[in-house]
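J.: If it helps, the file is called protein-v4.csv and holds CSV, C-alpha atoms (C1' of nucleotides):
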```csv
chain,number,residue,atom,x,y,z
R,1,MET,CA,16.0,28.7,-14.2
R,2,LEU,CA,13.3,26.1,-14.5
R,3,GLU,CA,15.2,23.7,-16.8
R,4,GLU,CA,17.9,23.5,-14.2
R,5,GLU,CA,15.3,22.6,-11.5
R,6,LEU,CA,14.0,19.8,-13.6
R,7,LYS,CA,17.5,18.4,-13.9
R,8,GLU,CA,17.9,18.7,-10.2
R,9,VAL,CA,14.8,16.7,-9.6
R,10,ALA,CA,15.8,14.0,-12.0
R,11,ASN,CA,19.3,13.7,-10.6
R,12,ASN,CA,18.5,13.8,-7.0
R,13,CYS,CA,14.9,12.7,-6.4
R,14,LEU,CA,14.8,10.3,-3.4
R,15,LEU,CA,11.3,9.2,-4.2
R,16,MET,CA,12.2,7.8,-7.6
R,17,ARG,CA,15.4,6.2,-6.2
R,18,THR,CA,13.9,4.5,-3.1
R,19,ARG,CA,11.0,3.1,-5.2
R,20,LEU,CA,13.4,1.9,-7.8
R,21,ILE,CA,15.5,0.1,-5.2
R,22,ALA,CA,12.4,-1.4,-3.6
R,23,ARG,CA,11.1,-2.7,-6.9
R,24,MET,CA,14.5,-4.2,-7.7
R,25,ILE,CA,14.8,-5.9,-4.3
R,26,THR,CA,11.2,-7.1,-4.4
R,27,SER,CA,11.8,-8.8,-7.7
R,28,ILE,CA,14.7,-10.7,-6.3
R,29,TYR,CA,12.8,-12.1,-3.4
R,30,ASP,CA,9.8,-12.8,-5.7
R,31,GLN,CA,12.0,-14.9,-8.0
R,32,GLU,CA,13.4,-17.0,-5.1
R,33,LEU,CA,10.1,-17.5,-3.4
R,34,GLN,CA,8.2,-18.3,-6.5
R,35,THR,CA,8.4,-22.1,-6.2
R,36,LEU,CA,6.8,-21.8,-2.7
R,37,GLY,CA,3.7,-20.2,-4.0
R,38,LEU,CA,4.5,-17.1,-2.0
R,39,ASN,CA,5.3,-13.6,-3.1
R,40,SER,CA,7.3,-10.9,-1.4
R,41,PRO,CA,4.6,-9.0,0.5
R,42,GLN,CA,3.1,-12.2,1.6
R,43,PHE,CA,6.4,-13.6,2.9
R,44,SER,CA,7.0,-10.3,4.7
R,45,LEU,CA,3.6,-10.5,6.4
R,46,LEU,CA,4.2,-14.0,7.6
R,47,VAL,CA,7.4,-12.9,9.2
R,48,VAL,CA,5.8,-10.0,10.9
R,49,ILE,CA,2.9,-12.0,12.2
R,50,SER,CA,5.3,-14.6,13.5
R,51,ARG,CA,7.7,-12.1,15.2
R,52,LEU,CA,5.1,-9.7,16.6
R,53,GLY,CA,3.2,-12.5,18.2
R,54,ASN,CA,-0.6,-12.0,18.6
R,55,ALA,CA,-0.6,-8.6,17.1
R,56,ASN,CA,-3.8,-7.3,15.6
R,57,ARG,CA,-4.2,-5.6,12.2
R,58,SER,CA,-3.7,-2.1,13.6
R,59,GLU,CA,-0.5,-2.9,15.3
R,60,ILE,CA,0.9,-4.6,12.2
R,61,SER,CA,-0.1,-1.6,10.1
R,62,ARG,CA,1.8,0.7,12.5
R,63,PHE,CA,4.8,-1.5,12.5
R,64,ASN,CA,4.9,-1.7,8.7
R,65,HIS,CA,3.8,1.9,8.0
R,66,GLN,CA,0.8,0.6,6.0
R,67,ASP,CA,-2.8,1.6,6.0
R,68,ARG,CA,-5.1,-0.5,8.2
R,69,SER,CA,-7.2,-1.3,5.2
R,70,THR,CA,-4.2,-2.8,3.4
R,71,LEU,CA,-3.8,-5.1,6.3
R,72,THR,CA,-7.4,-6.0,6.3
R,73,ARG,CA,-7.1,-7.3,2.8
R,74,ASN,CA,-3.6,-8.8,2.8
R,75,ILE,CA,-4.4,-10.7,6.0
R,76,ARG,CA,-7.7,-11.9,4.5
R,77,LEU,CA,-5.6,-13.6,1.9
R,78,ILE,CA,-3.1,-15.1,4.4
R,79,ILE,CA,-6.0,-16.4,6.4
R,80,SER,CA,-7.8,-17.8,3.4
R,81,GLU,CA,-4.6,-19.7,2.5
R,82,GLY,CA,-4.7,-21.2,5.9
R,83,TRP,CA,-1.4,-19.6,7.0
R,84,ALA,CA,-2.7,-17.5,9.9
R,85,GLN,CA,-5.8,-17.3,12.1
R,86,GLU,CA,-7.4,-15.1,14.6
R,87,ILE,CA,-6.8,-16.0,18.3
R,88,LEU,CA,-10.3,-16.3,19.6
R,89,GLY,CA,-9.4,-16.2,23.3
R,90,GLN,CA,-7.6,-12.9,23.2
R,91,MET,CA,-10.1,-10.6,21.5
R,92,SER,CA,-10.9,-7.3,23.3
R,93,GLY,CA,-13.0,-4.6,21.8
R,94,ARG,CA,-12.7,-4.8,18.0
R,95,SER,CA,-9.2,-6.1,18.2
R,96,ARG,CA,-8.6,-9.5,16.8
R,97,PRO,CA,-5.0,-10.8,17.5
R,98,LEU,CA,-3.4,-13.0,14.8
R,99,ALA,CA,-1.0,-15.9,14.9
R,100,LEU,CA,0.4,-18.3,12.3
R,101,THR,CA,-1.2,-21.7,11.9
R,102,ASP,CA,0.9,-24.8,11.8
R,103,ALA,CA,0.8,-24.6,8.0
R,104,GLY,CA,1.9,-21.0,8.1
R,105,ASN,CA,4.8,-21.9,10.4
R,106,LYS,CA,5.8,-24.8,8.2
R,107,LEU,CA,5.7,-22.7,5.1
R,108,LEU,CA,7.8,-20.0,6.6
R,109,ARG,CA,10.4,-22.4,7.7
R,110,LYS,CA,10.4,-24.1,4.3
R,111,ALA,CA,10.9,-20.6,2.8
R,112,ILE,CA,14.1,-19.8,4.7
R,113,PRO,CA,16.6,-21.3,2.2
R,114,ALA,CA,14.9,-19.3,-0.6
R,115,TRP,CA,15.0,-16.2,1.6
R,116,LYS,CA,18.8,-16.7,2.2
R,117,LYS,CA,19.5,-16.9,-1.5
R,118,ALA,CA,17.5,-13.8,-2.1
R,119,GLN,CA,19.1,-12.0,0.8
R,120,VAL,CA,22.6,-12.8,-0.6
R,121,ARG,CA,21.5,-11.4,-4.0
R,122,ALA,CA,20.1,-8.3,-2.3
R,123,GLU,CA,23.3,-7.7,-0.4
R,124,LYS,CA,25.2,-7.7,-3.6
R,125,VAL,CA,22.8,-5.1,-5.1
R,126,LEU,CA,22.9,-2.9,-2.1
R,127,SER,CA,26.6,-3.3,-1.3
R,128,ARG,CA,28.0,-3.7,2.2
R,129,GLU,CA,27.4,0.0,2.9
R,130,GLY,CA,23.9,-0.1,1.5
R,131,VAL,CA,23.0,-3.0,3.7
R,132,ASN,CA,24.1,-1.2,6.8
R,133,THR,CA,22.4,2.0,5.9
R,134,VAL,CA,19.1,0.3,5.0
R,135,LYS,CA,19.1,-1.5,8.3
R,136,SER,CA,19.9,1.7,10.3
R,137,ILE,CA,17.2,3.7,8.5
R,138,ALA,CA,14.6,1.0,9.0
R,139,LYS,CA,15.5,0.8,12.7
R,140,ASN,CA,14.9,4.5,13.1
R,141,LEU,CA,11.6,4.3,11.3
R,142,GLN,CA,10.3,1.5,13.5
R,143,MET,CA,11.5,3.1,16.7
R,144,ARG,CA,9.4,6.1,16.0
R,145,THR,CA,6.1,4.3,15.8
R,146,VAL,CA,6.1,1.0,17.5
R,147,LYS,CA,5.1,1.1,21.1
P,1,MET,CA,17.9,-24.2,15.2
P,2,LEU,CA,14.8,-22.9,13.3
P,3,GLU,CA,13.6,-20.4,15.9
P,4,GLU,CA,17.0,-18.7,15.5
P,5,GLU,CA,16.7,-18.6,11.8
P,6,LEU,CA,13.3,-16.9,12.0
P,7,LYS,CA,14.8,-14.3,14.3
P,8,GLU,CA,17.6,-13.8,11.8
P,9,VAL,CA,15.1,-13.2,9.0
P,10,ALA,CA,13.1,-10.7,11.1
P,11,ASN,CA,16.1,-8.8,12.2
P,12,ASN,CA,18.0,-8.6,8.9
P,13,CYS,CA,15.5,-9.0,6.0
P,14,LEU,CA,16.4,-6.5,3.3
P,15,LEU,CA,13.1,-7.1,1.5
P,16,MET,CA,11.0,-5.9,4.5
P,17,ARG,CA,13.3,-3.0,5.1
P,18,THR,CA,13.6,-1.6,1.6
P,19,ARG,CA,9.8,-1.8,1.1
P,20,LEU,CA,9.2,-0.2,4.5
P,21,ILE,CA,11.5,2.7,3.5
P,22,ALA,CA,9.9,3.0,0.1
P,23,ARG,CA,6.4,3.2,1.6
P,24,MET,CA,7.5,5.8,4.1
P,25,ILE,CA,9.1,8.0,1.5
P,26,THR,CA,6.3,7.5,-0.9
P,27,SER,CA,3.8,8.7,1.7
P,28,ILE,CA,5.9,11.9,2.2
P,29,TYR,CA,5.8,12.8,-1.5
P,30,ASP,CA,2.1,11.9,-1.7
P,31,GLN,CA,1.3,14.3,1.0
P,32,GLU,CA,3.2,17.2,-0.5
P,33,LEU,CA,1.9,16.5,-4.0
P,34,GLN,CA,-1.7,16.0,-3.0
P,35,THR,CA,-2.9,19.5,-3.7
P,36,LEU,CA,-1.6,19.2,-7.3
P,37,GLY,CA,-3.8,16.2,-8.1
P,38,LEU,CA,-0.8,14.1,-8.6
P,39,ASN,CA,0.5,11.1,-6.7
P,40,SER,CA,4.1,9.8,-6.3
P,41,PRO,CA,4.2,7.3,-9.1
P,42,GLN,CA,2.6,9.7,-11.5
P,43,PHE,CA,5.0,12.5,-10.6
P,44,SER,CA,8.0,10.1,-11.0
P,45,LEU,CA,6.7,9.1,-14.4
P,46,LEU,CA,6.4,12.7,-15.6
P,47,VAL,CA,10.0,13.3,-14.5
P,48,VAL,CA,11.2,10.3,-16.4
P,49,ILE,CA,9.3,11.1,-19.6
P,50,SER,CA,10.7,14.6,-19.4
P,51,ARG,CA,14.3,13.6,-18.8
P,52,LEU,CA,14.4,10.6,-21.1
P,53,GLY,CA,13.1,12.6,-24.0
P,54,ASN,CA,11.0,10.7,-26.6
P,55,ALA,CA,11.5,7.4,-24.9
P,56,ASN,CA,9.0,4.6,-25.6
P,57,ARG,CA,7.3,2.4,-23.0
P,58,SER,CA,9.9,-0.3,-23.2
P,59,GLU,CA,12.8,2.1,-22.6
P,60,ILE,CA,11.0,3.6,-19.7
P,61,SER,CA,10.3,0.2,-18.2
P,62,ARG,CA,14.0,-0.7,-18.4
P,63,PHE,CA,15.1,2.6,-16.9
P,64,ASN,CA,12.6,2.1,-14.0
P,65,HIS,CA,12.9,-1.7,-13.7
P,66,GLN,CA,9.2,-2.1,-14.2
P,67,ASP,CA,7.2,-4.5,-16.3
P,68,ARG,CA,6.3,-3.2,-19.7
P,69,SER,CA,2.6,-3.8,-19.0
P,70,THR,CA,2.8,-1.5,-15.9
P,71,LEU,CA,4.0,1.2,-18.2
P,72,THR,CA,1.2,0.6,-20.7
P,73,ARG,CA,-1.3,1.3,-18.0
P,74,ASN,CA,0.4,4.1,-16.1
P,75,ILE,CA,1.1,5.9,-19.3
P,76,ARG,CA,-2.5,5.5,-20.4
P,77,LEU,CA,-3.5,7.5,-17.3
P,78,ILE,CA,-0.9,10.1,-17.9
P,79,ILE,CA,-2.0,10.5,-21.5
P,80,SER,CA,-5.7,10.6,-20.6
P,81,GLU,CA,-5.0,13.4,-18.1
P,82,GLY,CA,-3.4,15.2,-21.0
P,83,TRP,CA,0.0,15.3,-19.5
P,84,ALA,CA,1.8,13.4,-22.2
P,85,GLN,CA,1.3,12.3,-25.8
P,86,GLU,CA,2.8,10.1,-28.4
P,87,ILE,CA,5.1,11.7,-30.9
P,88,LEU,CA,3.6,10.7,-34.2
P,89,GLY,CA,6.6,11.6,-36.4
P,90,GLN,CA,9.0,9.3,-34.7
P,91,MET,CA,7.3,5.9,-34.6
P,92,SER,CA,9.2,3.0,-35.9
P,93,GLY,CA,7.9,-0.5,-35.7
P,94,ARG,CA,5.7,-0.8,-32.7
P,95,SER,CA,7.6,1.8,-30.8
P,96,ARG,CA,5.7,4.9,-29.9
P,97,PRO,CA,7.9,7.6,-28.3
P,98,LEU,CA,6.4,9.8,-25.7
P,99,ALA,CA,6.8,13.4,-24.6
P,100,LEU,CA,5.1,15.7,-22.1
P,101,THR,CA,2.4,18.1,-23.4
P,102,ASP,CA,2.5,21.7,-22.5
P,103,ALA,CA,0.0,20.9,-19.7
P,104,GLY,CA,2.4,18.2,-18.5
P,105,ASN,CA,5.4,20.5,-18.5
P,106,LYS,CA,3.4,23.2,-16.7
P,107,LEU,CA,2.2,20.8,-14.1
P,108,LEU,CA,5.7,19.4,-13.5
P,109,ARG,CA,7.1,22.9,-13.0
P,110,LYS,CA,4.3,23.8,-10.7
P,111,ALA,CA,5.0,20.7,-8.7
P,112,ILE,CA,8.6,21.6,-8.0
P,113,PRO,CA,8.1,23.5,-4.8
P,114,ALA,CA,6.1,20.6,-3.4
P,115,TRP,CA,8.8,18.2,-4.5
P,116,LYS,CA,11.4,20.3,-2.7
P,117,LYS,CA,9.4,20.2,0.6
P,118,ALA,CA,9.1,16.5,0.3
P,119,GLN,CA,12.7,16.0,-0.6
P,120,VAL,CA,13.8,17.9,2.5
P,121,ARG,CA,11.5,15.7,4.6
P,122,ALA,CA,12.9,12.6,2.9
P,123,GLU,CA,16.4,13.7,3.6
P,124,LYS,CA,15.7,13.9,7.2
P,125,VAL,CA,14.2,10.4,7.3
P,126,LEU,CA,17.1,8.9,5.4
P,127,SER,CA,19.8,11.0,7.1
P,128,ARG,CA,22.8,12.4,5.3
P,129,GLU,CA,24.4,9.0,5.0
P,130,GLY,CA,21.2,7.4,3.7
P,131,VAL,CA,20.8,10.0,1.0
P,132,ASN,CA,24.2,9.3,-0.3
P,133,THR,CA,23.9,5.6,-0.2
P,134,VAL,CA,20.5,5.6,-1.9
P,135,LYS,CA,21.8,7.7,-4.7
P,136,SER,CA,24.8,5.5,-5.1
P,137,ILE,CA,22.8,2.3,-5.2
P,138,ALA,CA,20.3,3.8,-7.7
P,139,LYS,CA,23.1,4.9,-9.9
P,140,ASN,CA,24.5,1.4,-10.0
P,141,LEU,CA,21.1,-0.1,-10.8
P,142,GLN,CA,20.5,2.2,-13.7
P,143,MET,CA,24.0,1.9,-15.1
P,144,ARG,CA,23.4,-1.8,-15.4
P,145,THR,CA,20.3,-1.6,-17.7
P,146,VAL,CA,20.1,1.6,-19.5
P,147,LYS,CA,21.7,1.7,-22.9
Q,1,DG,C1',12.0,-14.2,-50.1
Q,2,DA,C1',10.7,-17.2,-46.1
Q,3,DC,C1',11.4,-18.5,-41.4
Q,4,DA,C1',13.2,-18.0,-36.8
Q,5,DG,C1',14.3,-14.9,-33.5
Q,6,DT,C1',13.7,-10.5,-31.2
Q,7,DA,C1',11.5,-6.2,-29.7
Q,8,DT,C1',7.3,-3.6,-28.5
Q,9,DG,C1',2.9,-3.2,-26.8
Q,10,DT,C1',-1.6,-5.0,-24.9
Q,11,DT,C1',-4.9,-7.8,-22.2
Q,12,DG,C1',-6.5,-11.0,-18.5
Q,13,DC,C1',-5.6,-12.1,-14.1
Q,14,DA,C1',-4.2,-11.6,-9.3
Q,15,DT,C1',-2.3,-8.9,-5.7
Q,16,DA,C1',-0.8,-4.6,-3.3
Q,17,DT,C1',-1.6,0.0,-1.6
Q,18,DG,C1',-3.9,4.2,0.3
Q,19,DC,C1',-7.8,7.5,1.1
Q,20,DA,C1',-12.4,8.6,2.6
Q,21,DA,C1',-16.3,7.2,4.8
Q,22,DC,C1',-18.4,4.3,7.7
Q,23,DA,C1',-19.6,0.8,11.6
Q,24,DT,C1',-18.5,-0.6,16.0
Q,25,DA,C1',-16.3,-0.9,20.5
Q,26,DT,C1',-13.7,1.4,24.3
Q,27,DT,C1',-12.2,5.1,27.0
Q,28,DT,C1',-12.4,9.6,29.0
Q,29,DC,C1',-14.4,13.0,31.5
Q,30,DG,C1',-17.6,16.4,32.9
V,1,DC,C1',-24.4,8.2,33.7
V,2,DG,C1',-23.8,10.0,28.9
V,3,DA,C1',-21.6,12.5,25.3
V,4,DA,C1',-17.2,13.2,23.0
V,5,DA,C1',-13.0,11.4,21.8
V,6,DT,C1',-10.3,7.5,20.5
V,7,DA,C1',-9.3,2.9,18.6
V,8,DT,C1',-10.1,-1.1,15.4
V,9,DG,C1',-11.8,-2.9,11.4
V,10,DT,C1',-14.2,-2.9,6.9
V,11,DT,C1',-15.9,-1.3,2.3
V,12,DG,C1',-15.9,1.5,-2.1
V,13,DC,C1',-13.0,3.6,-5.1
V,14,DA,C1',-8.8,4.4,-7.6
V,15,DT,C1',-4.2,3.4,-8.8
V,16,DA,C1',0.1,0.5,-9.0
V,17,DT,C1',2.5,-3.8,-10.0
V,18,DG,C1',4.0,-8.1,-12.3
V,19,DC,C1',3.3,-12.6,-14.9
V,20,DA,C1',1.6,-15.2,-18.8
V,21,DA,C1',-0.1,-15.1,-23.1
V,22,DC,C1',-0.9,-12.9,-27.1
V,23,DA,C1',-0.6,-9.7,-31.3
V,24,DT,C1',2.3,-7.2,-34.2
V,25,DA,C1',6.4,-5.4,-36.3
V,26,DC,C1',11.2,-5.6,-37.3
V,27,DT,C1',15.9,-8.2,-38.1
V,28,DG,C1',18.6,-11.2,-39.2
V,29,DT,C1',20.1,-15.5,-41.8
V,30,DC,C1',20.1,-18.9,-45.1
```
Show how you would write the structure in this file as structure tokens.

T.:
Amino acid sequence: MLEEELKEVANNCLLMRTRLIARMITSIYDQELQTLGLNSPQFSLLVVISRLGNANRSEISRFNHQDRSTLTRNIRLIISEGWAQEILGQMSGRSRPLALTDAGNKLLRKAIPAWKKAQVRAEKVLSREGVNTVKSIAKNLQMRTVK
Amino acid sequence: MLEEELKEVANNCLLMRTRLIARMITSIYDQELQTLGLNSPQFSLLVVISRLGNANRSEISRFNHQDRSTLTRNIRLIISEGWAQEILGQMSGRSRPLALTDAGNKLLRKAIPAWKKAQVRAEKVLSREGVNTVKSIAKNLQMRTVK
DNA sequence: GACAGTATGTTGCATATGCAACATATTTCG
DNA sequence: CGAAATATGTTGCATATGCAACATACTGTC
């Protein structure tokens, strides 16, 4: 019966639930980062640029499961804010490796206390079990695609 | 030491991980829904309008943990596609309750097979444990805010 | 009944996201 | 070598998302 199927969707849909959780968690980090003039996606991007080390846009897009064009634009903002730059010495082909600037590094370090506050709040929302599960799922996702 | 702290952020950040998972899952449902001319957020909204029954924008925004203005715009699209409408009889104050049109109901039912395919794929990505955890977290989140 | 507080909805602004199509550079192979 | 396949990056287009500020309507409370 179709009415039953609609109920099944509403009661079990993993799309609605994962997106709900992501919005909720994003808003927590947004709140804590607000005073730094940094939002959640921007903070995440700084972390990835820092940890991946001289990665280009394509590599970051694979790591993050994002479209390349999204990275083109988000990184444009990060560069225009002076938080990252292209490493001129290491370009090959069309690839343009990225690294944080001093200002970017400084901002990232300055943001760590806010991140910690947000992280604690997020852990409460997800519960101990949720934290472990989220980490384990993310680990699998990144294993599949990052060289 | 600060270098250590950066590593801790990269290795544990729940913001990056929940957003990564949401993007991944969203792309799965987007793929399966594509032929229906419907994307993931739009499908989710149809489901919510259907299940909440005559809810207004504010109520939906609370249920979904979204900004009211987001609902103003997303619902504008849903209405312009002819999938939902405002229930004229039940307005009070500024509140304008919503319901699916026949076309919206028809589309939603037609989308169920695609949803099922996507749901199976999502279950594989999240694993049995992940599915249960996601459902349990979402349940808690919605308990906190819905009347 | 008037005024403050609260609830609903919208608009302006900025950013985030993905797809399709394209430009460009490299690599592969016959 | 040269054409085809592959990789990187960008642009146009459409949608999603949230904040701040505003308009509007209801709800007390005195």

J.: Residual C-alpha RMSD for chain P onto chain R, least squares, all atoms in order?

T.: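 The root-mean-square deviation of C-alpha positions is 0.1 Å.
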
J.: Counting only C-alpha atoms, which residues in stretch 49-143 of chain R sit no more than 7 Å from stretch 11-26 of chain P? For each one, give the nearest pair of atoms and the distance in Å, sorted by chain then residue number, as a Markdown table.

T.:
```
| residue | atom | partner | partner_atom | distance |
| --- | --- | --- | --- | --- |
| R:Asn64 | CA | P:Leu20 | CA | 6.2 |
| R:His65 | CA | P:Met24 | CA | 6.6 |
| R:Gln119 | CA | P:Leu14 | CA | 6.6 |
| R:Ala122 | CA | P:Leu14 | CA | 6.9 |
| R:Val134 | CA | P:Arg17 | CA | 6.7 |
| R:Lys135 | CA | P:Arg17 | CA | 6.8 |
| R:Ala138 | CA | P:Arg17 | CA | 5.7 |
```

J.: To one decimal place in Å, what is the distance between atom CA of P:Ala55 and atom C1' of V:DC22?

T.: 23.9 Å

J.: Return as lines of an AutoDock Vina configuration file the box centre and box size in Å, one decimal, for an axis-aligned box around all listed atoms of stretch 4-20 of chain V padded by 8 Å per side.

T.:
```
center_x = -6.6
center_y = -1.0
center_z = 2.1
size_x = 37.2
size_y = 44.4
size_z = 57.8
```

J.: Could the residues of chain Q within 9 Å of chain R, counting all atoms listed in the file, be given as a PDB file with C-alpha atoms (C1' of nucleotides), in the coordinates of the input, please?

T.:
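Okay, this is what ended up in part36.pdb:
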```pdb
ATOM      1  C1'  DT Q  15      -2.300  -8.900  -5.700  1.00  0.00           C
ATOM      2  C1'  DA Q  16      -0.800  -4.600  -3.300  1.00  0.00           C
ATOM      3  C1'  DT Q  17      -1.600   0.000  -1.600  1.00  0.00           C
ATOM      4  C1'  DG Q  18      -3.900   4.200   0.300  1.00  0.00           C
ATOM      5  C1'  DT Q  24     -18.500  -0.600  16.000  1.00  0.00           C
ATOM      6  C1'  DA Q  25     -16.300  -0.900  20.500  1.00  0.00           C
ATOM      7  C1'  DT Q  26     -13.700   1.400  24.300  1.00  0.00           C
TER       8       DT Q  26
END
```

J.: Hey, could you make a per-residue contact list for chain V against chain P with 9 Å as the cut-off, showing the nearest pair of atoms and its distance in Å to one decimal, counting only C-alpha atoms (C1' of nucleotides), sorted by chain and number, as CSV?

T.:
```
residue,atom,partner,partner_atom,distance
V:DT15,C1',P:Asn74,CA,8.7
V:DA16,C1',P:Thr70,CA,7.7
V:DT17,C1',P:Thr70,CA,6.3
V:DG18,C1',P:Asp67,CA,6.3
V:DT24,C1',P:Arg94,CA,7.4
V:DA25,C1',P:Gly93,CA,5.2
V:DC26,C1',P:Gly93,CA,6.3
```

J.: Measuring atom to atom with all atoms listed in the file, identify which of R:Asn56, R:Phe43, R:Leu38, R:Thr72 is nearest to V:DT11.

T.: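 For V:DT11, the nearest of the given residues is R:Thr72.
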
J.: With all atoms listed in the file as the basis for distance, which of R:Leu33, R:Val120, R:Ala10, R:Ile60 is at the shortest distance from chain P?

T.: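 Closest residue, counting all atoms listed in the file: R:Ala10.
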
J.: Counting all atoms listed in the file, figure out which residue out of R:Leu45, R:Leu36, R:Leu98, R:Ala103 gets nearest to chain P.

T.: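 So, comparing all the options, the nearest one is R:Leu45.
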
J.: To one decimal place, how far is atom CA of R:Ala99 from atom CA of R:Ile87 in Å?

T.: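 Computed distance, atom CA of R:Ala99 to atom CA of R:Ile87, equals 6.7 Å.
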
J.: Quick one, how far is atom C1' of Q:DT6 from atom CA of P:Gln142?

T.: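 About the pair atom C1' of Q:DT6 and atom CA of P:Gln142: they are 22.7 Å apart.
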
J.: Output stretch 51-70 of chain P as a compact mmCIF listing (two decimals), in the coordinates of the input, making sure N, CA and C atoms are there.

T.:
```txt
# COMPACT_ATOMS: atom_id res chain seq x y z
N ARG P 51 12.82 13.72 -18.73
CA ARG P 51 14.30 13.60 -18.80
C ARG P 51 14.76 12.67 -19.87
N LEU P 52 14.00 11.58 -20.10
CA LEU P 52 14.40 10.60 -21.10
C LEU P 52 14.25 11.12 -22.50
N GLY P 53 13.23 11.92 -22.72
CA GLY P 53 13.10 12.60 -24.00
C GLY P 53 12.72 11.64 -25.15
N ASN P 54 11.44 11.55 -25.48
CA ASN P 54 11.00 10.70 -26.60
C ASN P 54 11.27 9.23 -26.41
N ALA P 55 11.34 8.79 -25.19
CA ALA P 55 11.50 7.40 -24.90
C ALA P 55 10.16 6.66 -25.13
N ASN P 56 10.22 5.40 -25.48
CA ASN P 56 9.00 4.60 -25.60
C ASN P 56 8.75 3.85 -24.28
N ARG P 57 7.65 3.12 -24.23
CA ARG P 57 7.30 2.40 -23.00
C ARG P 57 8.34 1.42 -22.56
N SER P 58 8.89 0.72 -23.53
CA SER P 58 9.90 -0.30 -23.20
C SER P 58 11.14 0.32 -22.58
N GLU P 59 11.58 1.41 -23.16
CA GLU P 59 12.80 2.10 -22.60
C GLU P 59 12.54 2.57 -21.22
N ILE P 60 11.36 3.13 -20.99
CA ILE P 60 11.00 3.60 -19.70
C ILE P 60 10.99 2.45 -18.67
N SER P 61 10.41 1.34 -19.12
CA SER P 61 10.30 0.20 -18.20
C SER P 61 11.68 -0.33 -17.83
N ARG P 62 12.63 -0.31 -18.76
CA ARG P 62 14.00 -0.70 -18.40
C ARG P 62 14.64 0.25 -17.46
N PHE P 63 14.47 1.52 -17.75
CA PHE P 63 15.10 2.60 -16.90
C PHE P 63 14.55 2.44 -15.47
N ASN P 64 13.25 2.15 -15.34
CA ASN P 64 12.60 2.10 -14.00
C ASN P 64 12.58 0.70 -13.41
N HIS P 65 13.06 -0.29 -14.14
CA HIS P 65 12.90 -1.70 -13.70
C HIS P 65 11.49 -2.03 -13.38
N GLN P 66 10.63 -1.70 -14.33
CA GLN P 66 9.20 -2.10 -14.20
C GLN P 66 8.82 -2.94 -15.37
N ASP P 67 7.72 -3.65 -15.21
CA ASP P 67 7.20 -4.50 -16.30
C ASP P 67 6.65 -3.55 -17.40
N ARG P 68 6.80 -3.99 -18.64
CA ARG P 68 6.30 -3.20 -19.70
C ARG P 68 4.76 -2.94 -19.55
N SER P 69 4.05 -3.95 -19.08
CA SER P 69 2.60 -3.80 -19.00
C SER P 69 2.24 -2.73 -17.92
N THR P 70 3.07 -2.58 -16.93
CA THR P 70 2.80 -1.50 -15.90
C THR P 70 2.92 -0.16 -16.62
```
